[in-house]
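Working notes, beginning with the structure itself.
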Amino acid sequence: MSFTVINNPSTTPSSLFIPPRTVESGDALALLSDRQFHVAGRNMSVEASLIETAAGGAILVGDDAVAKVASIRAANPNLALVVEPRALRKHLATDAQPFQLSAATLGGDLDRQRMYSDLAITPTGQIRAGDSAALKAALREANKLDRTDTLFAIPAFAGWLSEPHYVKQLIAVINHSKHPLLLTFIDGHNPVGSMKRAHAYRRVFQEASVPVVAHRADLIGFDALAHGAIASAIGSYPTTRRLNPFDHRGGGVSDPEDMSPHMLLPDMLRIVRSTHMRREWFASVTPIQCFCVICRGADVDRLHEDETERRIGHNHNVVNLDSLYSSYVGLNTAGRRALWADQVQGALDTYPQLEAHLGRSLVVDSILEKVWAKAS
Ligand SMILES: [Zn+2]
């Protein structure tokens, strides 16, 4: 039992022993296989220490990732560590300048990354919806490379998922790549939040004939995994589960309650803000208790107000993501799809469990009910 009140038997962590493995540094396909990646930002040093090294890895993001990676590696020598280039966050791709290079050539940039990162990632800028000239320019340059340690990054504005002919173009470019892909979507809120985009997202992974990583995903990363993604990379807080537009300006935090973390509830396949649970769910009934190694039986809605509490919530997310992934290790795509279908059904079943506890009805998450629960 991971939580009181709700129970999804299909998300019970696997108790199978996963043999230790060395980090397949420089071998993209080997390193990506059978690992759950964590997108780690502000709390990267602590989060890295919590990750299951035999079945996981970290993609470090943010301005200080390059400065911190050496100490994180020294503290966690068996952990796969990949650093996301700044270009994905801060550069706008054009057909003349699809990349933001830190060296004279693309190859030189990737070599430089390999001094600290287990894999290199093309420093592709953000690609505006429908800008196929920029997308194809990036593909053309990446395909000139002859190396096995590189991921071709496509940071694409979420509008690429809104039009069927854009989706088709995107899939065509992916399928012409010589390299595995790191695919991520850009939006100031949730890039894949609508049912239309969630369907399109699944279609990309279903139709891709090249290995693709679902990068900066939320739990939709598991839907991608069930439909052909080689791996997914999921973050512990909202801005690690998307890319903000390159010219985005973040607002300050005025209400301390805004510091309340979003908590992963694997049984529900849902990430819910602590404040929402405290105010909307458990204002007058006993809260759900969590028995993960971080919470150890404490109320799941207890965290709010300051950065320390927020990080405890993010640590809960890291260990619960590894627990959720544990039963995927070693499965092929058909096995992953069957497991995901069972987990989705189990997640739908947690709603009546929670409703009985609360004494009122709840709105079922529409992507769970109308996208993930449908076979395609
Ligand atoms: Zn917990």
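Numbering starts fresh at 1 for the residues of each chain in the structure tokens, the chains themselves are lettered A, B, ... in the order given, and ligands are numbered from 1 as they appear.
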Selection within 10 Å of ligand 1 by only C-alpha atoms and all ligand atoms, output as JSON, numbers by chain: {"A": [2, 3, 263, 264, 265, 289, 290, 291, 292, 293, 294, 295, 296, 297, 298, 299, 300, 301, 312, 313, 314, 315, 316, 317, 318, 319, 320]}
Using only C-alpha atoms, please write the residues we just selected to a file, as a PDB file, in the first residue's frame.
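Saved file out24.pdb follows:
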ATOM      1  CA  SER A   2       1.406   3.384  -1.021  1.00  0.00           C
ATOM      2  CA  PHE A   3      -1.526   5.568   0.030  1.00  0.00           C
ATOM      3  CA  MET A 263       2.135  16.033  -5.811  1.00  0.00           C
ATOM      4  CA  LEU A 264       2.301  12.941  -8.000  1.00  0.00           C
ATOM      5  CA  LEU A 265      -0.368  10.391  -7.060  1.00  0.00           C
ATOM      6  CA  GLN A 289      -1.528   9.540   3.835  1.00  0.00           C
ATOM      7  CA  CYS A 290       1.527   8.623   1.766  1.00  0.00           C
ATOM      8  CA  PHE A 291       3.878   5.796   2.685  1.00  0.00           C
ATOM      9  CA  CYS A 292       6.741   6.612   0.333  1.00  0.00           C
ATOM     10  CA  VAL A 293      10.295   6.913   1.729  1.00  0.00           C
ATOM     11  CA  ILE A 294       9.972  10.707   1.766  1.00  0.00           C
ATOM     12  CA  CYS A 295       6.545  11.029   3.428  1.00  0.00           C
ATOM     13  CA  ARG A 296       6.634   7.908   5.677  1.00  0.00           C
ATOM     14  CA  GLY A 297       2.931   7.993   6.431  1.00  0.00           C
ATOM     15  CA  ALA A 298       2.428  11.763   6.572  1.00  0.00           C
ATOM     16  CA  ASP A 299      -0.555  13.557   5.022  1.00  0.00           C
ATOM     17  CA  VAL A 300      -0.064  14.056   1.287  1.00  0.00           C
ATOM     18  CA  ASP A 301      -1.544  17.582   1.415  1.00  0.00           C
ATOM     19  CA  ILE A 312      10.058  17.748  -0.023  1.00  0.00           C
ATOM     20  CA  GLY A 313       7.090  17.497  -2.383  1.00  0.00           C
ATOM     21  CA  HIS A 314       9.400  17.331  -5.384  1.00  0.00           C
ATOM     22  CA  ASN A 315      11.422  14.580  -3.708  1.00  0.00           C
ATOM     23  CA  HIS A 316       8.171  12.645  -3.196  1.00  0.00           C
ATOM     24  CA  ASN A 317       7.564  13.028  -6.929  1.00  0.00           C
ATOM     25  CA  VAL A 318      10.995  11.634  -7.831  1.00  0.00           C
ATOM     26  CA  VAL A 319      10.648   8.452  -5.791  1.00  0.00           C
ATOM     27  CA  ASN A 320       7.031   7.926  -6.827  1.00  0.00           C
TER      28      ASN A 320
END
Any idea what's packed within 10 Å of Ser366 of chain A, counting only C-alpha atoms, ignoring anything in its chain fewer than 5 positions away? Could you give it as an MDAnalysis selection string? chainID A and resid 193:195 371:373
Using only C-alpha atoms, the shortest atom-to-atom distance to Leu88 of chain A among A:Ala70, A:Val61, A:Leu170, A:Leu32 belongs to A:Val61
Would you mind writing down, as JSON, numbers by chain, each residue of segment 11-80 of chain A that DSSP on the backbone assigns to strand (DSSP E or B)? {"A": [36, 37, 38, 39, 40, 56, 57, 58, 59, 60, 80]}
Write out, as a PDB file, in the first residue's frame, the residues just selected, with N, CA, C and O atoms.
ATOM      1  N   GLN A  36      13.960   5.410 -16.844  1.00  0.00           N
ATOM      2  CA  GLN A  36      13.055   6.539 -16.670  1.00  0.00           C
ATOM      3  C   GLN A  36      13.921   7.758 -16.369  1.00  0.00           C
ATOM      4  O   GLN A  36      14.719   7.747 -15.434  1.00  0.00           O
ATOM      5  N   PHE A  37      13.757   8.813 -17.155  1.00  0.00           N
ATOM      6  CA  PHE A  37      14.539  10.022 -16.907  1.00  0.00           C
ATOM      7  C   PHE A  37      13.742  11.031 -16.078  1.00  0.00           C
ATOM      8  O   PHE A  37      12.512  11.123 -16.190  1.00  0.00           O
ATOM      9  N   HIS A  38      14.497  11.741 -15.266  1.00  0.00           N
ATOM     10  CA  HIS A  38      13.934  12.801 -14.425  1.00  0.00           C
ATOM     11  C   HIS A  38      14.482  14.121 -14.940  1.00  0.00           C
ATOM     12  O   HIS A  38      15.704  14.267 -15.062  1.00  0.00           O
ATOM     13  N   VAL A  39      13.621  15.060 -15.238  1.00  0.00           N
ATOM     14  CA  VAL A  39      14.075  16.396 -15.627  1.00  0.00           C
ATOM     15  C   VAL A  39      14.312  17.156 -14.326  1.00  0.00           C
ATOM     16  O   VAL A  39      13.381  17.423 -13.571  1.00  0.00           O
ATOM     17  N   ALA A  40      15.581  17.441 -14.042  1.00  0.00           N
ATOM     18  CA  ALA A  40      15.925  18.014 -12.742  1.00  0.00           C
ATOM     19  C   ALA A  40      16.427  19.431 -12.915  1.00  0.00           C
ATOM     20  O   ALA A  40      17.338  19.687 -13.706  1.00  0.00           O
ATOM     21  N   GLY A  56      17.157   4.386 -14.193  1.00  0.00           N
ATOM     22  CA  GLY A  56      16.821   5.802 -14.306  1.00  0.00           C
ATOM     23  C   GLY A  56      18.008   6.643 -14.719  1.00  0.00           C
ATOM     24  O   GLY A  56      19.115   6.144 -14.943  1.00  0.00           O
ATOM     25  N   GLY A  57      17.760   7.925 -14.822  1.00  0.00           N
ATOM     26  CA  GLY A  57      18.804   8.876 -15.169  1.00  0.00           C
ATOM     27  C   GLY A  57      18.232  10.262 -15.002  1.00  0.00           C
ATOM     28  O   GLY A  57      17.030  10.424 -14.759  1.00  0.00           O
ATOM     29  N   ALA A  58      19.093  11.270 -15.124  1.00  0.00           N
ATOM     30  CA  ALA A  58      18.624  12.646 -14.975  1.00  0.00           C
ATOM     31  C   ALA A  58      19.003  13.464 -16.199  1.00  0.00           C
ATOM     32  O   ALA A  58      20.090  13.296 -16.755  1.00  0.00           O
ATOM     33  N   ILE A  59      18.093  14.315 -16.616  1.00  0.00           N
ATOM     34  CA  ILE A  59      18.406  15.343 -17.598  1.00  0.00           C
ATOM     35  C   ILE A  59      18.407  16.658 -16.822  1.00  0.00           C
ATOM     36  O   ILE A  59      17.370  17.088 -16.289  1.00  0.00           O
ATOM     37  N   LEU A  60      19.594  17.235 -16.687  1.00  0.00           N
ATOM     38  CA  LEU A  60      19.741  18.450 -15.890  1.00  0.00           C
ATOM     39  C   LEU A  60      19.436  19.659 -16.764  1.00  0.00           C
ATOM     40  O   LEU A  60      19.951  19.776 -17.880  1.00  0.00           O
ATOM     41  N   ALA A  80      23.206   8.003 -14.771  1.00  0.00           N
ATOM     42  CA  ALA A  80      23.293   8.592 -16.110  1.00  0.00           C
ATOM     43  C   ALA A  80      22.898  10.065 -16.019  1.00  0.00           C
ATOM     44  O   ALA A  80      21.818  10.398 -15.518  1.00  0.00           O
TER      45      ALA A  80
END
With distances taken over only C-alpha atoms, which residue among A:Asp267, A:Asp349, A:Asp365, A:Asp322 lies nearest Ser14 of chain A?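 Distance minimum relative to Ser14 of chain A lands on A:Asp322.
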